[in-house]
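Engineer: Data file protein-v5.cif (mmCIF, N, CA and C atoms) is appended below.
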data_protein
loop_
_atom_site.label_atom_id
_atom_site.label_comp_id
_atom_site.auth_asym_id
_atom_site.auth_seq_id
_atom_site.Cartn_x
_atom_site.Cartn_y
_atom_site.Cartn_z
N MET A 1 -12.44 -26.24 -17.36
CA MET A 1 -11.64 -25.08 -17.01
C MET A 1 -12.31 -24.36 -15.83
N ILE A 2 -11.51 -23.88 -14.92
CA ILE A 2 -12.02 -23.05 -13.83
C ILE A 2 -12.03 -21.62 -14.32
N GLU A 3 -13.20 -21.01 -14.35
CA GLU A 3 -13.32 -19.64 -14.83
C GLU A 3 -13.03 -18.66 -13.70
N THR A 4 -12.00 -17.86 -13.87
CA THR A 4 -11.67 -16.84 -12.88
C THR A 4 -11.93 -15.46 -13.49
N THR A 5 -12.10 -14.49 -12.64
CA THR A 5 -12.38 -13.14 -13.13
C THR A 5 -11.29 -12.15 -12.76
N GLY A 6 -10.18 -12.63 -12.24
CA GLY A 6 -9.07 -11.75 -11.87
C GLY A 6 -8.42 -12.22 -10.59
N THR A 7 -7.45 -11.47 -10.14
CA THR A 7 -6.75 -11.77 -8.89
C THR A 7 -7.47 -11.04 -7.76
N HIS A 8 -7.84 -11.77 -6.73
CA HIS A 8 -8.51 -11.14 -5.59
C HIS A 8 -7.49 -10.57 -4.61
N HIS A 9 -6.52 -11.40 -4.21
CA HIS A 9 -5.50 -10.90 -3.30
C HIS A 9 -4.23 -11.74 -3.40
N VAL A 10 -3.17 -11.15 -2.93
CA VAL A 10 -1.89 -11.82 -2.78
C VAL A 10 -1.45 -11.55 -1.35
N ARG A 11 -0.94 -12.58 -0.68
CA ARG A 11 -0.42 -12.38 0.68
C ARG A 11 1.06 -12.74 0.68
N LEU A 12 1.86 -11.86 1.24
CA LEU A 12 3.29 -12.08 1.34
C LEU A 12 3.67 -12.34 2.79
N THR A 13 4.54 -13.30 3.00
CA THR A 13 5.05 -13.57 4.33
C THR A 13 6.24 -12.65 4.58
N VAL A 14 6.22 -11.96 5.71
CA VAL A 14 7.26 -10.98 6.03
C VAL A 14 7.85 -11.28 7.40
N THR A 15 9.01 -10.69 7.67
CA THR A 15 9.68 -10.91 8.95
C THR A 15 9.35 -9.86 9.99
N ASP A 16 9.09 -8.62 9.57
CA ASP A 16 8.88 -7.51 10.50
C ASP A 16 7.70 -6.68 10.00
N ILE A 17 6.55 -6.81 10.67
CA ILE A 17 5.33 -6.18 10.17
C ILE A 17 5.43 -4.66 10.19
N ALA A 18 6.05 -4.07 11.18
CA ALA A 18 6.15 -2.61 11.23
C ALA A 18 6.98 -2.09 10.06
N ARG A 19 8.10 -2.73 9.80
CA ARG A 19 8.98 -2.31 8.70
C ARG A 19 8.28 -2.49 7.35
N SER A 20 7.63 -3.63 7.15
CA SER A 20 6.95 -3.88 5.88
C SER A 20 5.71 -3.00 5.72
N ARG A 21 5.01 -2.76 6.82
CA ARG A 21 3.84 -1.87 6.78
C ARG A 21 4.26 -0.48 6.33
N ALA A 22 5.37 0.01 6.86
CA ALA A 22 5.88 1.33 6.47
C ALA A 22 6.29 1.34 5.00
N PHE A 23 6.92 0.28 4.53
CA PHE A 23 7.36 0.22 3.13
C PHE A 23 6.18 0.27 2.18
N TYR A 24 5.22 -0.63 2.37
CA TYR A 24 4.09 -0.71 1.44
C TYR A 24 3.13 0.48 1.60
N GLY A 25 3.01 0.99 2.81
CA GLY A 25 2.11 2.12 3.05
C GLY A 25 2.74 3.46 2.76
N ASP A 26 3.92 3.70 3.31
CA ASP A 26 4.55 5.01 3.19
C ASP A 26 5.34 5.19 1.89
N VAL A 27 6.11 4.18 1.51
CA VAL A 27 6.94 4.31 0.30
C VAL A 27 6.10 4.09 -0.96
N LEU A 28 5.36 2.97 -1.01
CA LEU A 28 4.56 2.69 -2.20
C LEU A 28 3.22 3.42 -2.19
N GLY A 29 2.78 3.85 -1.02
CA GLY A 29 1.56 4.65 -0.92
C GLY A 29 0.26 3.87 -0.98
N PHE A 30 0.29 2.57 -0.67
CA PHE A 30 -0.93 1.77 -0.68
C PHE A 30 -1.73 2.06 0.59
N PRO A 31 -3.03 2.36 0.46
CA PRO A 31 -3.85 2.59 1.66
C PRO A 31 -4.19 1.27 2.35
N ILE A 32 -4.34 1.32 3.66
CA ILE A 32 -4.68 0.13 4.44
C ILE A 32 -6.17 -0.16 4.28
N ALA A 33 -6.48 -1.41 3.95
CA ALA A 33 -7.87 -1.87 3.85
C ALA A 33 -8.32 -2.51 5.15
N ALA A 34 -7.41 -3.22 5.82
CA ALA A 34 -7.73 -3.87 7.10
C ALA A 34 -6.42 -4.15 7.82
N GLU A 35 -6.50 -4.12 9.15
CA GLU A 35 -5.30 -4.37 9.94
C GLU A 35 -5.69 -5.16 11.18
N SER A 36 -4.87 -6.10 11.56
CA SER A 36 -5.14 -6.91 12.73
C SER A 36 -5.05 -6.06 13.99
N PRO A 37 -6.01 -6.21 14.89
CA PRO A 37 -5.90 -5.50 16.16
C PRO A 37 -4.96 -6.21 17.13
N GLY A 38 -4.59 -7.45 16.78
CA GLY A 38 -3.74 -8.23 17.67
C GLY A 38 -2.28 -8.19 17.28
N SER A 39 -1.46 -8.74 18.15
CA SER A 39 -0.02 -8.78 17.92
C SER A 39 0.38 -10.11 17.29
N PRO A 40 1.26 -10.07 16.31
CA PRO A 40 1.74 -11.34 15.74
C PRO A 40 2.59 -12.13 16.73
N GLU A 41 2.96 -11.51 17.85
CA GLU A 41 3.70 -12.23 18.89
C GLU A 41 2.79 -13.19 19.66
N ASP A 42 1.47 -12.94 19.61
CA ASP A 42 0.48 -13.79 20.28
C ASP A 42 0.21 -14.99 19.38
N PRO A 43 0.51 -16.22 19.84
CA PRO A 43 0.31 -17.40 19.00
C PRO A 43 -1.13 -17.57 18.50
N VAL A 44 -2.11 -17.15 19.27
CA VAL A 44 -3.50 -17.25 18.84
C VAL A 44 -3.74 -16.33 17.64
N VAL A 45 -3.24 -15.10 17.72
CA VAL A 45 -3.38 -14.13 16.62
C VAL A 45 -2.58 -14.60 15.41
N ARG A 46 -1.38 -15.04 15.65
CA ARG A 46 -0.45 -15.44 14.58
C ARG A 46 -0.99 -16.57 13.72
N ASN A 47 -1.91 -17.36 14.27
CA ASN A 47 -2.45 -18.50 13.54
C ASN A 47 -3.92 -18.34 13.16
N ASP A 48 -4.46 -17.13 13.27
CA ASP A 48 -5.88 -16.91 13.04
C ASP A 48 -6.10 -16.04 11.80
N PRO A 49 -6.65 -16.65 10.71
CA PRO A 49 -6.90 -15.84 9.51
C PRO A 49 -7.92 -14.73 9.74
N MET A 50 -8.84 -14.91 10.71
CA MET A 50 -9.82 -13.86 11.00
C MET A 50 -9.16 -12.65 11.65
N GLN A 51 -7.99 -12.83 12.23
CA GLN A 51 -7.22 -11.73 12.81
C GLN A 51 -6.04 -11.36 11.89
N LEU A 52 -6.13 -11.80 10.64
CA LEU A 52 -5.12 -11.51 9.61
C LEU A 52 -3.72 -11.94 10.02
N PHE A 53 -3.65 -12.95 10.87
CA PHE A 53 -2.37 -13.50 11.33
C PHE A 53 -1.50 -12.44 12.00
N GLY A 54 -2.13 -11.36 12.47
CA GLY A 54 -1.37 -10.27 13.08
C GLY A 54 -0.84 -9.29 12.05
N GLY A 55 -1.32 -9.40 10.83
CA GLY A 55 -0.78 -8.61 9.73
C GLY A 55 -1.67 -7.46 9.30
N VAL A 56 -1.49 -7.06 8.06
CA VAL A 56 -2.18 -5.92 7.49
C VAL A 56 -2.53 -6.24 6.04
N VAL A 57 -3.61 -5.63 5.54
CA VAL A 57 -4.02 -5.79 4.15
C VAL A 57 -4.11 -4.40 3.53
N PHE A 58 -3.49 -4.24 2.39
CA PHE A 58 -3.50 -2.97 1.66
C PHE A 58 -4.41 -3.08 0.44
N GLN A 59 -4.94 -1.95 0.02
CA GLN A 59 -5.68 -1.85 -1.24
C GLN A 59 -4.67 -1.42 -2.30
N ALA A 60 -4.49 -2.25 -3.30
CA ALA A 60 -3.50 -1.96 -4.35
C ALA A 60 -4.21 -1.85 -5.69
N ASN A 61 -5.03 -0.81 -5.84
CA ASN A 61 -5.74 -0.54 -7.09
C ASN A 61 -6.48 -1.76 -7.63
N GLY A 62 -7.48 -2.21 -6.90
CA GLY A 62 -8.31 -3.30 -7.36
C GLY A 62 -7.89 -4.67 -6.86
N MET A 63 -6.75 -4.76 -6.21
CA MET A 63 -6.29 -6.02 -5.66
C MET A 63 -5.92 -5.79 -4.21
N LEU A 64 -6.15 -6.78 -3.39
CA LEU A 64 -5.73 -6.71 -2.00
C LEU A 64 -4.35 -7.34 -1.86
N LEU A 65 -3.49 -6.69 -1.09
CA LEU A 65 -2.14 -7.18 -0.82
C LEU A 65 -1.98 -7.33 0.68
N GLY A 66 -1.88 -8.58 1.13
CA GLY A 66 -1.76 -8.85 2.55
C GLY A 66 -0.32 -9.12 2.95
N LEU A 67 0.00 -8.75 4.18
CA LEU A 67 1.30 -9.05 4.76
C LEU A 67 1.07 -9.92 5.99
N ARG A 68 1.74 -11.06 6.03
CA ARG A 68 1.60 -12.01 7.14
C ARG A 68 2.95 -12.11 7.86
N PRO A 69 3.05 -11.60 9.08
CA PRO A 69 4.33 -11.55 9.77
C PRO A 69 4.65 -12.82 10.56
N VAL A 70 4.96 -13.89 9.86
CA VAL A 70 5.23 -15.15 10.55
C VAL A 70 6.61 -15.72 10.24
N ALA A 71 7.38 -15.08 9.38
CA ALA A 71 8.71 -15.60 9.04
C ALA A 71 9.71 -15.26 10.14
N ALA A 72 10.70 -16.11 10.26
CA ALA A 72 11.79 -15.84 11.21
C ALA A 72 12.54 -14.57 10.79
N ALA A 73 13.02 -13.84 11.76
CA ALA A 73 13.71 -12.56 11.49
C ALA A 73 14.91 -12.74 10.56
N THR A 74 15.51 -13.92 10.53
CA THR A 74 16.69 -14.16 9.70
C THR A 74 16.35 -14.64 8.30
N ASP A 75 15.07 -14.93 8.05
CA ASP A 75 14.68 -15.47 6.74
C ASP A 75 14.71 -14.37 5.68
N ARG A 76 15.01 -14.75 4.45
CA ARG A 76 15.00 -13.82 3.32
C ARG A 76 14.40 -14.51 2.11
N PHE A 77 13.76 -13.71 1.27
CA PHE A 77 13.13 -14.18 0.05
C PHE A 77 14.19 -14.72 -0.91
N ASP A 78 13.82 -15.75 -1.67
CA ASP A 78 14.70 -16.31 -2.70
C ASP A 78 13.87 -16.62 -3.93
N ALA A 79 14.03 -15.82 -4.99
CA ALA A 79 13.26 -16.00 -6.22
C ALA A 79 13.61 -17.30 -6.94
N ASP A 80 14.71 -17.95 -6.55
CA ASP A 80 15.12 -19.18 -7.20
C ASP A 80 14.57 -20.43 -6.52
N ARG A 81 13.74 -20.26 -5.50
CA ARG A 81 13.08 -21.39 -4.86
C ARG A 81 11.65 -21.49 -5.39
N VAL A 82 11.03 -22.63 -5.20
CA VAL A 82 9.64 -22.82 -5.62
C VAL A 82 8.77 -21.78 -4.92
N GLY A 83 7.86 -21.18 -5.69
CA GLY A 83 6.96 -20.18 -5.13
C GLY A 83 7.02 -18.91 -5.95
N LEU A 84 6.87 -17.81 -5.30
CA LEU A 84 6.84 -16.52 -5.95
C LEU A 84 8.19 -16.15 -6.55
N ASP A 85 8.19 -15.70 -7.80
CA ASP A 85 9.39 -15.16 -8.43
C ASP A 85 9.45 -13.67 -8.19
N HIS A 86 8.37 -12.98 -8.54
CA HIS A 86 8.26 -11.54 -8.28
C HIS A 86 6.81 -11.13 -8.39
N LEU A 87 6.52 -9.93 -7.94
CA LEU A 87 5.19 -9.36 -8.02
C LEU A 87 5.31 -8.03 -8.71
N SER A 88 4.47 -7.80 -9.72
CA SER A 88 4.54 -6.58 -10.50
C SER A 88 3.22 -5.82 -10.40
N PHE A 89 3.33 -4.51 -10.18
CA PHE A 89 2.17 -3.62 -10.11
C PHE A 89 2.17 -2.75 -11.36
N THR A 90 1.00 -2.57 -11.96
CA THR A 90 0.87 -1.75 -13.16
C THR A 90 0.77 -0.29 -12.78
N VAL A 91 1.48 0.55 -13.52
CA VAL A 91 1.33 2.00 -13.41
C VAL A 91 0.89 2.51 -14.78
N PRO A 92 0.25 3.69 -14.83
CA PRO A 92 -0.34 4.14 -16.09
C PRO A 92 0.63 4.44 -17.23
N SER A 93 1.84 4.94 -16.91
CA SER A 93 2.72 5.36 -18.00
C SER A 93 4.19 5.23 -17.61
N ARG A 94 5.05 5.35 -18.61
CA ARG A 94 6.49 5.32 -18.37
C ARG A 94 6.90 6.50 -17.49
N ASP A 95 6.24 7.64 -17.64
CA ASP A 95 6.53 8.79 -16.77
C ASP A 95 6.29 8.45 -15.31
N ASP A 96 5.30 7.58 -15.04
CA ASP A 96 5.05 7.15 -13.67
C ASP A 96 6.20 6.29 -13.15
N LEU A 97 6.85 5.56 -14.04
CA LEU A 97 8.04 4.80 -13.63
C LEU A 97 9.16 5.75 -13.23
N VAL A 98 9.33 6.82 -13.99
CA VAL A 98 10.36 7.82 -13.67
C VAL A 98 10.07 8.44 -12.31
N SER A 99 8.82 8.80 -12.06
CA SER A 99 8.43 9.37 -10.77
C SER A 99 8.64 8.37 -9.64
N ALA A 100 8.29 7.12 -9.89
CA ALA A 100 8.46 6.08 -8.86
C ALA A 100 9.93 5.87 -8.55
N ALA A 101 10.78 5.89 -9.56
CA ALA A 101 12.22 5.73 -9.33
C ALA A 101 12.74 6.84 -8.43
N ALA A 102 12.28 8.06 -8.66
CA ALA A 102 12.69 9.19 -7.82
C ALA A 102 12.17 9.01 -6.40
N ARG A 103 10.94 8.55 -6.25
CA ARG A 103 10.37 8.34 -4.92
C ARG A 103 11.13 7.25 -4.16
N LEU A 104 11.45 6.16 -4.86
CA LEU A 104 12.22 5.09 -4.23
C LEU A 104 13.60 5.59 -3.81
N ALA A 105 14.26 6.32 -4.69
CA ALA A 105 15.59 6.86 -4.38
C ALA A 105 15.53 7.79 -3.17
N ALA A 106 14.51 8.63 -3.11
CA ALA A 106 14.36 9.56 -1.99
C ALA A 106 14.16 8.83 -0.67
N ALA A 107 13.56 7.64 -0.74
CA ALA A 107 13.34 6.83 0.45
C ALA A 107 14.52 5.91 0.75
N GLY A 108 15.59 6.01 -0.06
CA GLY A 108 16.77 5.18 0.16
C GLY A 108 16.60 3.75 -0.32
N ILE A 109 15.65 3.51 -1.22
CA ILE A 109 15.39 2.17 -1.74
C ILE A 109 16.15 2.01 -3.06
N GLU A 110 17.07 1.05 -3.09
CA GLU A 110 17.79 0.77 -4.33
C GLU A 110 16.82 0.21 -5.36
N HIS A 111 17.06 0.54 -6.62
CA HIS A 111 16.21 0.04 -7.69
C HIS A 111 17.03 -0.06 -8.96
N GLY A 112 16.50 -0.81 -9.91
CA GLY A 112 17.16 -0.95 -11.20
C GLY A 112 16.84 0.22 -12.10
N GLU A 113 17.37 0.16 -13.28
CA GLU A 113 17.05 1.15 -14.31
C GLU A 113 15.71 0.81 -14.92
N ILE A 114 15.06 1.76 -15.51
CA ILE A 114 13.83 1.50 -16.25
C ILE A 114 14.23 0.73 -17.51
N THR A 115 13.66 -0.44 -17.68
CA THR A 115 13.99 -1.31 -18.81
C THR A 115 12.81 -1.37 -19.76
N GLU A 116 13.04 -1.00 -21.00
CA GLU A 116 11.99 -1.09 -22.01
C GLU A 116 12.05 -2.45 -22.68
N MET A 117 10.94 -3.15 -22.61
CA MET A 117 10.82 -4.48 -23.22
C MET A 117 9.90 -4.31 -24.42
N THR A 118 10.46 -3.77 -25.49
CA THR A 118 9.66 -3.36 -26.65
C THR A 118 8.89 -4.52 -27.28
N ASP A 119 9.44 -5.72 -27.27
CA ASP A 119 8.73 -6.87 -27.84
C ASP A 119 7.43 -7.16 -27.09
N PHE A 120 7.37 -6.75 -25.82
CA PHE A 120 6.18 -6.99 -25.01
C PHE A 120 5.34 -5.73 -24.84
N GLY A 121 5.85 -4.59 -25.30
CA GLY A 121 5.11 -3.34 -25.20
C GLY A 121 5.05 -2.75 -23.81
N ILE A 122 6.06 -3.09 -22.98
CA ILE A 122 6.07 -2.60 -21.60
C ILE A 122 7.44 -2.07 -21.22
N ALA A 123 7.45 -1.31 -20.12
CA ALA A 123 8.69 -0.91 -19.46
C ALA A 123 8.55 -1.32 -18.01
N ILE A 124 9.67 -1.70 -17.37
CA ILE A 124 9.63 -2.15 -15.98
C ILE A 124 10.67 -1.42 -15.15
N LEU A 125 10.38 -1.33 -13.87
CA LEU A 125 11.29 -0.80 -12.86
C LEU A 125 11.32 -1.82 -11.73
N ALA A 126 12.47 -2.42 -11.50
CA ALA A 126 12.61 -3.47 -10.49
C ALA A 126 13.22 -2.92 -9.20
N PHE A 127 12.76 -3.48 -8.07
CA PHE A 127 13.29 -3.13 -6.75
C PHE A 127 12.91 -4.24 -5.78
N PHE A 128 13.31 -4.11 -4.53
CA PHE A 128 13.05 -5.13 -3.52
C PHE A 128 12.40 -4.52 -2.29
N ASP A 129 11.53 -5.31 -1.64
CA ASP A 129 10.95 -4.85 -0.38
C ASP A 129 11.94 -5.15 0.75
N PRO A 130 11.63 -4.79 2.00
CA PRO A 130 12.59 -4.99 3.09
C PRO A 130 13.01 -6.44 3.33
N ASP A 131 12.20 -7.42 2.91
CA ASP A 131 12.56 -8.82 3.06
C ASP A 131 13.23 -9.40 1.82
N GLY A 132 13.52 -8.52 0.85
CA GLY A 132 14.17 -8.98 -0.36
C GLY A 132 13.21 -9.54 -1.39
N ILE A 133 11.90 -9.33 -1.21
CA ILE A 133 10.93 -9.81 -2.20
C ILE A 133 11.05 -8.93 -3.44
N HIS A 134 11.23 -9.57 -4.57
CA HIS A 134 11.43 -8.87 -5.83
C HIS A 134 10.10 -8.27 -6.28
N LEU A 135 10.08 -6.95 -6.45
CA LEU A 135 8.90 -6.24 -6.91
C LEU A 135 9.23 -5.50 -8.18
N GLU A 136 8.21 -5.24 -8.97
CA GLU A 136 8.35 -4.44 -10.19
C GLU A 136 7.17 -3.50 -10.33
N LEU A 137 7.42 -2.43 -11.02
CA LEU A 137 6.35 -1.59 -11.52
C LEU A 137 6.42 -1.72 -13.03
N THR A 138 5.28 -1.87 -13.68
CA THR A 138 5.21 -2.10 -15.12
C THR A 138 4.29 -1.08 -15.74
N SER A 139 4.75 -0.49 -16.85
CA SER A 139 3.91 0.47 -17.59
C SER A 139 3.85 0.05 -19.05
N PRO A 140 2.80 0.48 -19.73
CA PRO A 140 2.80 0.29 -21.19
C PRO A 140 3.79 1.27 -21.81
N LEU A 141 4.30 0.91 -22.98
CA LEU A 141 5.19 1.83 -23.70
C LEU A 141 4.38 2.79 -24.55
#
How does the structure come out when it is put into structure tokens?
Structural biologist:
Amino acid sequence: MIETTGTHHVRLTVTDIARSRAFYGDVLGFPIAAESPGSPEDPVVRNDPMQLFGGVVFQANGMLLGLRPVAAATDRFDADRVGLDHLSFTVPSRDDLVSAAARLAAAGIEHGEITEMTDFGIAILAFFDPDGIHLELTSPL
């Protein structure tokens, strides 16, 4: 068995780095941990992991969340294809889900209702990022 101690980072491929940077930074409130000084329009930057592929990395409470701006502008996420289904971030309480729903609504972000999954002891709030990537916030009940 490979012994792991947790998730270090997740990187999402996005179509528009400015739009996604604003969503994850301004709407979700994740602080920036590192940002590429180069432009993703530069092929050297776009293909260089040391330059974060022209993207940005956020600190998401113990996990790093990277955005890599290499997808075509017309591309959209599809949870029914092989790969990521969704990404869920933990919040401390159900009240935090209520607050998050209000924050998303104020930012014009559509979201689902808070769903209590009592058999699992959690509640979830589902929404989508600007590229249609399915995100959730999860709290204990």
Engineer: Can you pull out the residues contacting range 47-50 of chain A? Cut-off 12 Å, using only C-alpha atoms, and skip same-chain residues under 4 positions away; I want them as a list in words.
Structural biologist: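 Everything that qualifies: Arg11, Ala34, Glu35, Ser36, Pro37, Gly38, Ser39, Pro40, Glu41, Asp42, Pro43, Gly54, Gly55, Val56, Val57, Gly66, Leu67, Arg68, Pro69 and Val70 of chain A.
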Engineer: I'd like the contact shell of Ile122 in chain A - 6.5 Å cut-off, only N, CA and C atoms, skipping same-chain residues fewer than 2 positions apart - returned as a PyMOL selection string.
Structural biologist: chain A and resi 115-120+124+138-141
Engineer: At what distance in Å, to one decimal, does atom C of Ile133 in chain A lie from atom N of Val91 in chain A?
Structural biologist: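 Computed distance, atom N of Val91 in chain A to atom C of Ile133 in chain A, equals 16.8 Å.
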Engineer: Please report the interatomic distance between CA of Arg103 in chain A and CA of Thr7 in chain A in Å with one decimal.
Structural biologist: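 The value is 26.7 Å.
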Engineer: Residues within 7 Å of Phe23 in chain A, please, as number ranges by chain. Count all atoms listed in the file; anything in the same chain fewer than 6 positions from it doesn't count.
Structural biologist: A: 29-30, 130
Engineer: In terms of the shortest atom-to-atom distance over all atoms listed in the file, which of A:Ala102, A:Ala79, A:Ala107, A:Leu97 is closest to Ala123 in chain A?
Structural biologist: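 Of the candidates, the smallest distance to Ala123 in chain A is held by A:Leu97.
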Engineer: Which one of A:Phe127, A:Tyr24, A:Phe89, A:Phe53 sits closest to Ile109 in chain A if you count only C-alpha atoms?
Structural biologist: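 Smallest distance to Ile109 in chain A is found for A:Phe127.
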Engineer: Using all atoms listed in the file, find all polymer residues with an atom at most 8 Å away from the point (9.0, -8.7, 4.9); report them as a list in words.
Structural biologist: Leu12, Thr13, Val14, Thr15, Asp16, Ile17, Arg19, Ser20, Arg21, Leu67, Arg68, Pro69, Ala71, Phe77, Asp129, Pro130, Asp131, Gly132 and Ile133 of chain A
Engineer: Which neighbours of Ala101 in chain A fall inside 8 Å, counting only C-alpha atoms, when residues of the same chain fewer than 3 positions from it are skipped, and could you give them as a PyMOL selection string?
Structural biologist: chain A and resi 97-98+104-105+111+125
Engineer: Restricting the output to N, CA and C atoms, write the selected residues as an mmCIF file, in the frame of the given file.
Structural biologist:
data_model
loop_
_atom_site.group_PDB
_atom_site.id
_atom_site.type_symbol
_atom_site.label_atom_id
_atom_site.label_comp_id
_atom_site.auth_asym_id
_atom_site.auth_seq_id
_atom_site.Cartn_x
_atom_site.Cartn_y
_atom_site.Cartn_z
ATOM 1 N N LEU A 97 6.850 5.560 -14.040
ATOM 2 C CA LEU A 97 8.040 4.800 -13.630
ATOM 3 C C LEU A 97 9.160 5.750 -13.230
ATOM 4 N N VAL A 98 9.330 6.820 -13.990
ATOM 5 C CA VAL A 98 10.360 7.820 -13.670
ATOM 6 C C VAL A 98 10.070 8.440 -12.310
ATOM 7 N N LEU A 104 11.450 6.160 -4.860
ATOM 8 C CA LEU A 104 12.220 5.090 -4.230
ATOM 9 C C LEU A 104 13.600 5.590 -3.810
ATOM 10 N N ALA A 105 14.260 6.320 -4.690
ATOM 11 C CA ALA A 105 15.590 6.860 -4.380
ATOM 12 C C ALA A 105 15.530 7.790 -3.170
ATOM 13 N N HIS A 111 17.060 0.540 -6.620
ATOM 14 C CA HIS A 111 16.210 0.040 -7.690
ATOM 15 C C HIS A 111 17.030 -0.060 -8.960
ATOM 16 N N LEU A 125 10.380 -1.330 -13.870
ATOM 17 C CA LEU A 125 11.290 -0.800 -12.860
ATOM 18 C C LEU A 125 11.320 -1.820 -11.730
#
Engineer: For a quick check of understanding, using only N, CA and C atoms, which of A:Phe128, A:Gly108, A:Ser88, A:Gln59 has the smallest distance to Ala33 in chain A?
Structural biologist: A:Gln59
Engineer: If you measure from atom C of His9 in chain A to CA of Leu65 in chain A, what distance in Å do you get, rounded to one decimal?
Structural biologist: 5.6 Å
Engineer: From a backbone DSSP assignment, name each residue in range 25-115 of chain A labelled strand (DSSP E or B), as a list in words.
Structural biologist: Ile32, Ala33, Ala34, Glu35, Val56, Val57, Phe58, Gln59, Leu64, Leu65, Gly66, Leu67, Arg68, Leu87, Ser88, Phe89, Thr90, His111 and Thr115 of chain A
